[in-house]
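Containing mmCIF, C-alpha atoms: structure.cif.
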data_start
loop_
_atom_site.group_PDB
_atom_site.id
_atom_site.type_symbol
_atom_site.label_atom_id
_atom_site.label_comp_id
_atom_site.auth_asym_id
_atom_site.auth_seq_id
_atom_site.Cartn_x
_atom_site.Cartn_y
_atom_site.Cartn_z
ATOM 1 C CA MET A 1 174.559 -2.271 155.446
ATOM 2 C CA VAL A 2 177.704 -0.295 154.671
ATOM 3 C CA ARG A 3 179.840 -3.122 156.108
ATOM 4 C CA VAL A 4 178.069 -5.792 153.982
ATOM 5 C CA ALA A 5 178.249 -3.653 150.840
ATOM 6 C CA ALA A 6 181.916 -3.026 151.391
ATOM 7 C CA THR A 7 182.475 -6.741 151.965
ATOM 8 C CA VAL A 8 180.642 -7.620 148.734
ATOM 9 C CA ALA A 9 182.672 -5.037 146.833
ATOM 10 C CA ALA A 10 185.877 -6.436 148.305
ATOM 11 C CA VAL A 11 184.883 -9.988 147.331
ATOM 12 C CA GLY A 12 184.091 -8.772 143.822
ATOM 13 C CA LEU A 13 187.474 -7.103 143.538
ATOM 14 C CA LEU A 14 189.243 -10.209 144.820
ATOM 15 C CA TRP A 15 187.227 -12.373 142.402
ATOM 16 C CA GLY A 16 188.212 -10.149 139.472
ATOM 17 C CA CYS A 17 191.880 -10.337 140.432
ATOM 18 C CA ALA A 18 191.657 -14.106 140.937
ATOM 19 C CA SER A 19 189.965 -14.588 137.581
ATOM 20 C CA GLN A 20 192.647 -12.572 135.814
ATOM 21 C CA GLY A 21 195.337 -14.535 137.629
ATOM 22 C CA ASP A 22 193.700 -17.821 136.596
ATOM 23 C CA ARG A 23 193.643 -16.744 132.976
ATOM 24 C CA ASP A 24 197.266 -15.681 133.065
ATOM 25 C CA SER A 25 198.359 -18.879 134.790
ATOM 26 C CA SER A 26 196.320 -21.058 132.420
ATOM 27 C CA ALA A 27 197.792 -19.237 129.427
ATOM 28 C CA ASP A 28 201.277 -19.773 130.823
ATOM 29 C CA SER A 29 200.539 -23.449 131.440
ATOM 30 C CA GLY A 30 199.055 -23.843 127.938
ATOM 31 C CA GLY A 31 202.063 -22.186 126.321
ATOM 32 C CA GLY A 32 204.553 -24.202 128.317
ATOM 33 C CA ALA A 33 202.795 -27.473 127.534
ATOM 34 C CA GLY A 34 203.361 -27.291 123.780
ATOM 35 C CA PRO A 35 205.896 -29.222 121.751
ATOM 36 C CA ASP A 36 208.695 -26.769 122.515
ATOM 37 C CA ALA A 37 208.102 -27.060 126.224
ATOM 38 C CA GLY A 38 208.065 -30.832 125.981
ATOM 39 C CA ALA A 39 211.431 -30.758 124.224
ATOM 40 C CA GLY A 40 212.820 -28.453 126.923
ATOM 41 C CA THR A 41 211.776 -30.671 129.804
ATOM 42 C CA ALA A 42 213.309 -33.682 128.107
ATOM 43 C CA GLU A 43 216.734 -32.058 128.497
ATOM 44 C CA VAL A 44 216.520 -31.901 132.297
ATOM 45 C CA ALA A 45 219.348 -33.881 133.828
ATOM 46 C CA PRO A 46 218.234 -36.897 135.893
ATOM 47 C CA ALA A 47 218.444 -36.571 139.651
ATOM 48 C CA PRO A 48 220.999 -38.558 141.618
ATOM 49 C CA ALA A 49 220.042 -42.063 142.534
ATOM 50 C CA GLY A 50 219.769 -41.252 146.206
ATOM 51 C CA GLU A 51 217.362 -38.335 145.675
ATOM 52 C CA GLY A 52 215.056 -40.286 143.387
ATOM 53 C CA ALA A 53 214.725 -43.165 145.841
ATOM 54 C CA SER A 54 214.283 -41.053 148.960
ATOM 55 C CA GLY A 55 210.947 -39.475 148.054
ATOM 56 C CA ALA A 56 207.717 -41.416 147.704
ATOM 57 C CA GLY A 57 206.855 -39.808 144.344
ATOM 58 C CA GLY A 58 210.233 -38.462 143.333
ATOM 59 C CA GLY A 59 210.554 -40.564 140.166
ATOM 60 C CA ALA A 60 207.008 -39.961 138.777
ATOM 61 C CA PRO A 61 207.367 -36.293 137.681
ATOM 62 C CA LEU A 62 210.748 -37.042 136.062
ATOM 63 C CA ALA A 63 209.307 -40.022 134.181
ATOM 64 C CA LEU A 64 206.381 -37.881 132.988
ATOM 65 C CA ALA A 65 208.740 -35.140 131.824
ATOM 66 C CA THR A 66 211.075 -37.442 129.892
ATOM 67 C CA ASP A 67 208.642 -40.035 128.461
ATOM 68 C CA PRO A 68 206.973 -38.758 125.231
ATOM 69 C CA ARG A 69 204.203 -41.331 125.541
ATOM 70 C CA ALA A 70 203.358 -40.108 129.042
ATOM 71 C CA LEU A 71 203.335 -36.520 127.801
ATOM 72 C CA ALA A 72 201.019 -37.446 124.917
ATOM 73 C CA ALA A 73 198.680 -39.338 127.233
ATOM 74 C CA ALA A 74 198.414 -36.310 129.526
ATOM 75 C CA ARG A 75 197.128 -34.073 126.716
ATOM 76 C CA ASP A 76 193.432 -33.425 126.058
ATOM 77 C CA VAL A 77 192.805 -33.984 122.335
ATOM 78 C CA VAL A 78 189.532 -33.749 120.388
ATOM 79 C CA ARG A 79 189.474 -36.246 117.493
ATOM 80 C CA THR A 80 187.166 -35.951 114.482
ATOM 81 C CA GLY A 81 187.204 -37.733 111.138
ATOM 82 C CA GLU A 82 185.270 -38.346 107.919
ATOM 83 C CA VAL A 83 185.407 -41.397 105.633
ATOM 84 C CA ARG A 84 183.687 -41.643 102.232
ATOM 85 C CA LEU A 85 183.369 -45.213 100.959
ATOM 86 C CA THR A 86 182.127 -46.907 97.812
ATOM 87 C CA VAL A 87 180.615 -50.278 98.759
ATOM 88 C CA ASP A 88 178.810 -53.117 97.001
ATOM 89 C CA ASP A 89 175.696 -52.903 99.168
ATOM 90 C CA VAL A 90 174.864 -49.867 101.305
ATOM 91 C CA GLY A 91 172.506 -51.758 103.626
ATOM 92 C CA ASP A 92 175.055 -54.414 104.547
ATOM 93 C CA ALA A 93 177.871 -51.873 104.944
ATOM 94 C CA ALA A 94 175.697 -49.650 107.172
ATOM 95 C CA ALA A 95 174.920 -52.620 109.420
ATOM 96 C CA ASP A 96 178.653 -53.382 109.672
ATOM 97 C CA VAL A 97 179.417 -49.759 110.618
ATOM 98 C CA ARG A 98 176.823 -49.801 113.388
ATOM 99 C CA ALA A 99 178.186 -53.112 114.682
ATOM 100 C CA LEU A 100 181.737 -51.703 114.761
ATOM 101 C CA ALA A 101 180.604 -48.769 116.891
ATOM 102 C CA SER A 102 178.794 -51.051 119.344
ATOM 103 C CA ASP A 103 181.653 -53.557 119.569
ATOM 104 C CA HIS A 104 184.170 -50.824 120.466
ATOM 105 C CA GLY A 105 182.069 -49.196 123.184
ATOM 106 C CA GLY A 106 180.670 -46.384 121.017
ATOM 107 C CA PHE A 107 177.242 -45.533 119.658
ATOM 108 C CA VAL A 108 175.497 -44.126 116.581
ATOM 109 C CA ALA A 109 174.780 -40.416 117.055
ATOM 110 C CA ASP A 110 173.086 -39.862 113.677
ATOM 111 C CA ASP A 111 171.914 -42.246 110.928
ATOM 112 C CA GLN A 112 170.469 -41.175 107.565
ATOM 113 C CA THR A 113 169.842 -43.800 104.882
ATOM 114 C CA ARG A 114 168.542 -42.865 101.421
ATOM 115 C CA ALA A 115 167.454 -46.100 99.779
ATOM 116 C CA ALA A 116 166.450 -44.442 96.490
ATOM 117 C CA ASP A 117 169.921 -42.944 96.050
ATOM 118 C CA ARG A 118 171.666 -46.011 97.537
ATOM 119 C CA GLU A 119 173.515 -43.770 100.017
ATOM 120 C CA ALA A 120 173.863 -43.524 103.797
ATOM 121 C CA ASP A 121 175.458 -41.073 106.251
ATOM 122 C CA ILE A 122 176.270 -42.407 109.718
ATOM 123 C CA THR A 123 177.868 -40.417 112.558
ATOM 124 C CA LEU A 124 179.637 -42.431 115.251
ATOM 125 C CA ARG A 125 180.851 -41.432 118.719
ATOM 126 C CA ILE A 126 183.828 -43.608 119.635
ATOM 127 C CA PRO A 127 185.979 -43.691 122.808
ATOM 128 C CA ALA A 128 189.200 -41.805 122.161
ATOM 129 C CA ASP A 129 191.448 -44.824 122.711
ATOM 130 C CA ARG A 130 189.440 -46.868 120.138
ATOM 131 C CA PHE A 131 189.021 -44.135 117.535
ATOM 132 C CA GLU A 132 191.869 -45.200 115.220
ATOM 133 C CA ASP A 133 190.872 -48.876 115.411
ATOM 134 C CA VAL A 134 187.306 -48.115 114.348
ATOM 135 C CA ARG A 135 188.437 -45.766 111.581
ATOM 136 C CA ALA A 136 190.753 -48.426 110.127
ATOM 137 C CA ALA A 137 188.034 -51.086 110.349
ATOM 138 C CA VAL A 138 185.514 -48.817 108.594
ATOM 139 C CA ALA A 139 188.000 -48.124 105.793
ATOM 140 C CA ASP A 140 188.262 -51.878 105.153
ATOM 141 C CA LEU A 141 184.530 -52.143 104.373
ATOM 142 C CA GLY A 142 184.900 -50.731 100.850
ATOM 143 C CA HIS A 143 186.885 -48.508 98.526
ATOM 144 C CA VAL A 144 187.990 -45.294 100.258
ATOM 145 C CA GLU A 145 187.147 -42.257 98.116
ATOM 146 C CA ARG A 146 188.198 -39.666 100.687
ATOM 147 C CA GLU A 147 189.390 -39.753 104.271
ATOM 148 C CA THR A 148 190.133 -36.848 106.613
ATOM 149 C CA VAL A 149 191.211 -36.979 110.265
ATOM 150 C CA LYS A 150 191.622 -34.003 112.573
ATOM 151 C CA ALA A 151 193.113 -33.866 116.076
ATOM 152 C CA GLU A 152 192.842 -30.633 118.086
ATOM 153 C CA ASP A 153 194.777 -30.166 121.328
ATOM 154 C CA VAL A 154 192.462 -28.424 123.828
ATOM 155 C CA THR A 155 194.599 -28.939 126.938
ATOM 156 C CA ALA A 156 195.047 -25.205 127.550
ATOM 157 C CA GLN A 157 191.302 -24.620 127.172
ATOM 158 C CA VAL A 158 190.480 -27.441 129.599
ATOM 159 C CA VAL A 159 192.961 -26.120 132.175
ATOM 160 C CA ASP A 160 191.546 -22.595 131.843
ATOM 161 C CA VAL A 161 187.926 -23.718 132.290
ATOM 162 C CA ASP A 162 188.785 -25.993 135.236
ATOM 163 C CA SER A 163 190.691 -23.170 136.966
ATOM 164 C CA ARG A 164 187.859 -20.693 136.446
ATOM 165 C CA VAL A 165 185.297 -23.207 137.731
ATOM 166 C CA ALA A 166 187.321 -23.811 140.910
ATOM 167 C CA SER A 167 187.791 -20.086 141.552
ATOM 168 C CA LEU A 168 184.136 -19.289 140.916
ATOM 169 C CA GLN A 169 182.958 -22.107 143.180
ATOM 170 C CA ALA A 170 185.086 -20.687 145.994
ATOM 171 C CA SER A 171 183.697 -17.206 145.313
ATOM 172 C CA VAL A 172 180.112 -18.498 145.410
ATOM 173 C CA GLU A 173 180.777 -20.139 148.763
ATOM 174 C CA ARG A 174 182.148 -16.859 150.133
ATOM 175 C CA VAL A 175 179.087 -14.929 148.963
ATOM 176 C CA ARG A 176 176.808 -17.574 150.484
ATOM 177 C CA GLY A 177 178.625 -16.991 153.796
ATOM 178 C CA LEU A 178 177.883 -13.270 153.512
ATOM 179 C CA LEU A 179 174.246 -14.126 152.772
ATOM 180 C CA ALA A 180 173.967 -15.817 156.158
ATOM 181 C CA GLN A 181 175.364 -12.689 157.847
ATOM 182 C CA SER A 182 172.977 -10.211 156.183
ATOM 183 C CA GLY A 183 171.025 -8.405 158.883
ATOM 184 C CA ASN A 184 168.365 -6.459 156.958
ATOM 185 C CA VAL A 185 166.383 -6.584 153.725
ATOM 186 C CA SER A 186 168.622 -4.209 151.762
ATOM 187 C CA ASP A 187 171.762 -6.175 152.642
ATOM 188 C CA LEU A 188 169.982 -9.430 151.785
ATOM 189 C CA ALA A 189 168.876 -8.138 148.355
ATOM 190 C CA LEU A 190 172.385 -6.892 147.550
ATOM 191 C CA VAL A 191 174.057 -10.176 148.457
ATOM 192 C CA GLU A 192 171.389 -12.280 146.716
ATOM 193 C CA GLY A 193 171.863 -10.306 143.491
ATOM 194 C CA GLU A 194 175.623 -10.880 143.592
ATOM 195 C CA LEU A 195 175.114 -14.561 144.388
ATOM 196 C CA ALA A 196 172.647 -15.078 141.519
ATOM 197 C CA SER A 197 175.049 -13.465 139.034
ATOM 198 C CA ARG A 198 177.958 -15.663 140.078
ATOM 199 C CA GLU A 199 175.854 -18.832 140.160
ATOM 200 C CA ALA A 200 174.695 -18.155 136.585
ATOM 201 C CA GLU A 201 178.297 -17.697 135.472
ATOM 202 C CA LEU A 202 179.260 -20.895 137.288
ATOM 203 C CA GLU A 203 176.511 -22.872 135.506
ATOM 204 C CA SER A 204 177.764 -21.590 132.153
ATOM 205 C CA LEU A 205 181.332 -22.640 132.945
ATOM 206 C CA LEU A 206 180.190 -26.059 134.155
ATOM 207 C CA GLY A 207 178.369 -26.508 130.827
ATOM 208 C CA GLN A 208 181.563 -25.682 128.921
ATOM 209 C CA GLN A 209 183.446 -28.116 131.135
ATOM 210 C CA ARG A 210 180.991 -30.928 130.370
ATOM 211 C CA VAL A 211 181.122 -30.262 126.614
ATOM 212 C CA LEU A 212 184.916 -30.308 126.587
ATOM 213 C CA ALA A 213 185.007 -33.508 128.626
ATOM 214 C CA ASP A 214 182.559 -35.174 126.210
ATOM 215 C CA GLN A 215 184.530 -34.091 123.142
ATOM 216 C CA VAL A 216 187.795 -35.337 124.604
ATOM 217 C CA ALA A 217 186.383 -38.658 125.809
ATOM 218 C CA LEU A 218 184.522 -39.509 122.583
ATOM 219 C CA GLY A 219 185.800 -38.928 119.058
ATOM 220 C CA THR A 220 183.371 -38.183 116.214
ATOM 221 C CA LEU A 221 183.590 -40.202 112.987
ATOM 222 C CA THR A 222 181.275 -39.451 110.038
ATOM 223 C CA VAL A 223 180.914 -42.277 107.499
ATOM 224 C CA HIS A 224 179.423 -41.709 104.039
ATOM 225 C CA LEU A 225 178.452 -44.866 102.115
ATOM 226 C CA GLY A 226 177.534 -45.024 98.439
ATOM 227 C CA GLU A 227 177.248 -47.584 95.663
ATOM 228 C CA GLU A 228 178.776 -47.419 92.197
ATOM 229 C CA ALA A 229 176.486 -46.442 89.317
ATOM 230 C CA ARG A 230 175.104 -49.595 87.714
ATOM 231 C CA SER A 231 175.032 -49.569 83.900
ATOM 232 C CA THR A 232 173.055 -52.071 81.795
ATOM 233 C CA PRO A 233 175.026 -53.234 78.721
ATOM 234 C CA ALA A 234 173.292 -53.381 75.323
ATOM 235 C CA ASP A 235 172.267 -56.897 74.308
ATOM 236 C CA GLY A 236 172.408 -56.227 70.548
ATOM 237 C CA ALA A 237 170.171 -54.691 67.872
ATOM 238 C CA PRO A 238 166.796 -53.308 69.008
ATOM 239 C CA GLY A 239 163.846 -55.669 68.660
ATOM 240 C CA PHE A 240 160.096 -55.340 68.177
ATOM 241 C CA ARG A 241 159.451 -54.204 71.731
ATOM 242 C CA ASP A 242 162.152 -51.544 71.463
ATOM 243 C CA GLY A 243 160.621 -50.273 68.198
ATOM 244 C CA LEU A 244 157.123 -50.293 69.697
ATOM 245 C CA HIS A 245 158.317 -48.393 72.734
ATOM 246 C CA GLY A 246 160.141 -45.859 70.573
ATOM 247 C CA GLY A 247 157.102 -45.351 68.329
ATOM 248 C CA TRP A 248 154.837 -44.889 71.316
ATOM 249 C CA VAL A 249 157.202 -42.298 72.775
ATOM 250 C CA VAL A 250 157.229 -40.388 69.454
ATOM 251 C CA LEU A 251 153.420 -40.576 69.182
ATOM 252 C CA VAL A 252 152.928 -39.272 72.688
ATOM 253 C CA GLY A 253 155.430 -36.508 72.050
ATOM 254 C CA THR A 254 153.689 -35.518 68.795
ATOM 255 C CA GLY A 255 150.312 -35.469 70.514
ATOM 256 C CA ARG A 256 151.660 -33.219 73.232
ATOM 257 C CA VAL A 257 153.099 -30.828 70.638
ATOM 258 C CA ALA A 258 149.802 -30.732 68.699
ATOM 259 C CA THR A 259 147.816 -30.136 71.891
ATOM 260 C CA ALA A 260 150.164 -27.345 72.915
ATOM 261 C CA ALA A 261 149.860 -25.739 69.462
ATOM 262 C CA ALA A 262 146.044 -25.892 69.598
ATOM 263 C CA GLY A 263 146.029 -24.356 73.045
ATOM 264 C CA PHE A 264 148.318 -21.583 71.834
ATOM 265 C CA ALA A 265 146.153 -20.809 68.755
ATOM 266 C CA LEU A 266 142.756 -21.002 70.500
ATOM 267 C CA PRO A 267 142.818 -17.439 71.938
ATOM 268 C CA PHE A 268 143.425 -16.091 68.382
ATOM 269 C CA LEU A 269 140.845 -18.315 66.564
ATOM 270 C CA VAL A 270 137.833 -17.123 68.551
ATOM 271 C CA PRO A 271 138.238 -13.402 67.694
ATOM 272 C CA ALA A 272 139.054 -14.311 64.073
ATOM 273 C CA ALA A 273 135.839 -16.369 63.766
ATOM 274 C CA LEU A 274 133.774 -13.543 65.253
ATOM 275 C CA ALA A 275 135.353 -11.064 62.834
ATOM 276 C CA LEU A 276 134.562 -13.355 59.848
ATOM 277 C CA VAL A 277 130.901 -13.665 60.903
ATOM 278 C CA ALA A 278 130.642 -9.904 61.259
ATOM 279 C CA VAL A 279 132.102 -9.265 57.756
ATOM 280 C CA ARG A 280 129.716 -11.727 56.116
ATOM 281 C CA TRP A 281 126.748 -10.198 57.910
ATOM 282 C CA TRP A 282 127.809 -6.708 56.827
ATOM 283 C CA ARG A 283 128.200 -7.786 53.190
ATOM 284 C CA ARG A 284 124.721 -9.303 53.208
ATOM 285 C CA ARG A 285 123.279 -6.047 54.489
ATOM 286 C CA ARG A 286 125.026 -4.108 51.719
ATOM 287 C CA THR A 287 123.835 -6.346 48.857
ATOM 288 C CA PRO A 288 120.211 -5.552 47.452
ATOM 289 C CA PRO A 289 117.793 -8.496 47.536
ATOM 290 C CA GLY A 290 117.020 -8.389 43.764
ATOM 291 C CA ALA A 291 120.658 -8.257 42.711
ATOM 292 C CA ALA A 292 121.301 -11.767 43.870
ATOM 293 C CA ALA A 293 118.305 -13.130 41.777
ATOM 294 C CA VAL A 294 119.381 -11.635 38.364
ATOM 295 C CA PRO A 295 121.269 -14.303 36.409
ATOM 296 C CA PRO A 296 124.401 -13.202 34.636
ATOM 297 C CA ARG A 297 124.244 -12.743 30.812
#
Any chance you could give the structure as structure tokens?
Amino acid sequence: MVRVAATVAAVGLLWGCASQGDRDSSADSGGGAGPDAGAGTAEVAPAPAGEGASGAGGGAPLALATDPRALAAARDVVRTGEVRLTVDDVGDAAADVRALASDHGGFVADDQTRAADREADITLRIPADRFEDVRAAVADLGHVERETVKAEDVTAQVVDVDSRVASLQASVERVRGLLAQSGNVSDLALVEGELASREAELESLLGQQRVLADQVALGTLTVHLGEEARSTPADGAPGFRDGLHGGWVVLVGTGRVATAAAGFALPFLVPAALALVAVRWWRRRRTPPGAAAVPPR
């Protein structure tokens, strides 16, 4: 048991050192892959003709280091964009946007159409190499009110995650080898606990790797479509129907005001009526019966 525990501790220590080394190396690779690094590699003097022809792949690294297009193609970039358009008909424009996504190998990730407001919001996922073509084609469908495009270089993040995944996979394999060598229950429980922890971390890293790969492979374009406000011009002086409509509106408004006033006064009228009845009854009680029969002189 002591030997297995010591072996697990040693593997954990080696894994921690390897993880730190992967982070440092990925940070160095991410920092050296920026624009400054690209400019530095472009200044490297070309190798002699004999050296470049002697090796099977001698010319490929040099071409990659000196060709800006090759450097750009080797980067991992996440592309997102938003286009707000004013169109003549939202339904027709929305159908055109969906067709553009399908024709360029993409798909509609989200589609919200509000017929009452004559508006639509459509989110497209487009292959990275077709992103600019689709964005330009969408902009031609109407009048562009606003357009934003964002490109984020995630090469360093991709390299870091890939390196950590490779190191953790190797560590998991080593712990699985120790699991086969465990001789008793206590050793087995110790190794299984370490293996479960590392497998959970590996699954998390693999999820990050898949998300990054999806974001790099497919750009996200959000399209907002709307129609211009339609105004009806006045045809001339108001006619009989306009006057009738206006009078009806005033009548209905007056009736509502009168009803509201009656409802407001009703709580005060009931006590006032009761008070008036009580005063008249009291006055009748105070007046003698014969006094009312004597005529005035």
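The environment of stretch 132-142 of chain A within 6 Å, counting all atoms listed in the file and disregarding residues fewer than 3 places along the same chain, consists of Leu85, Thr86 and Val87 of chain A.
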Self-check item: 12 Å contact set for stretch 113-123 of chain A, all atoms listed in the file, chain neighbours under 5 positions out, as a PyMOL selection string
Solution: chain A and resi 80-101+106-108+135+138+219-230
Practice problem: Please indicate the distance in Å from atom CA of A:Arg241 to atom CA of A:Ala260, rounded to one decimal place. | Solution: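 Here the two named atoms are 28.4 Å from each other.
Nearest to A:Gly207 of all the residues A:Val165, A:Gln157, A:Phe264, A:Leu274 is A:Val165, based on all atoms listed in the file.
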Quiz item: Which value, in Å to one decimal, gives the distance between atom CA of A:Val172 and atom CA of A:Leu202?
Solution: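 Between these atoms lies a distance of 8.5 Å.
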Quiz item: What gap, in Å, lies between atom CA of A:Ala196 and atom CA of A:Ala180?
Solution: 14.7 Å
Exercise. Compare A:Leu218, A:Val249, A:Ala262, A:Val185 by their minimum atom-to-atom distance to A:His104, counting all atoms listed in the file, and give me the closest one.
Key: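 Nearest candidate to A:His104 out of A:Leu218, A:Val249, A:Ala262, A:Val185: A:Leu218.
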Practice problem: Take the point (178.2, -17.8, 149.6) as written in the file and pick out every residue within 10 Å of it, counting all atoms listed in the file; give the list as a PyMOL selection string. | Solution: chain A and resi 169-180+191-192+194-195+198-199
Exercise. Considering all atoms listed in the file, state which residue in the set A:Ala189, A:Leu244, A:Ala156, A:Ile126 is at the smallest distance from A:Ala74.
Key: A:Ala156
Quiz prompt | Nearest candidate to A:Asp129 (options A:Arg285, A:His245, A:Arg79, A:Arg210; using all atoms listed in the file) | solution = A:Arg79
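Considering only C-alpha atoms, the residue among A:Ser102, A:Thr155, A:Thr148, A:Thr287 positioned nearest to A:Gln209 is A:Thr155.
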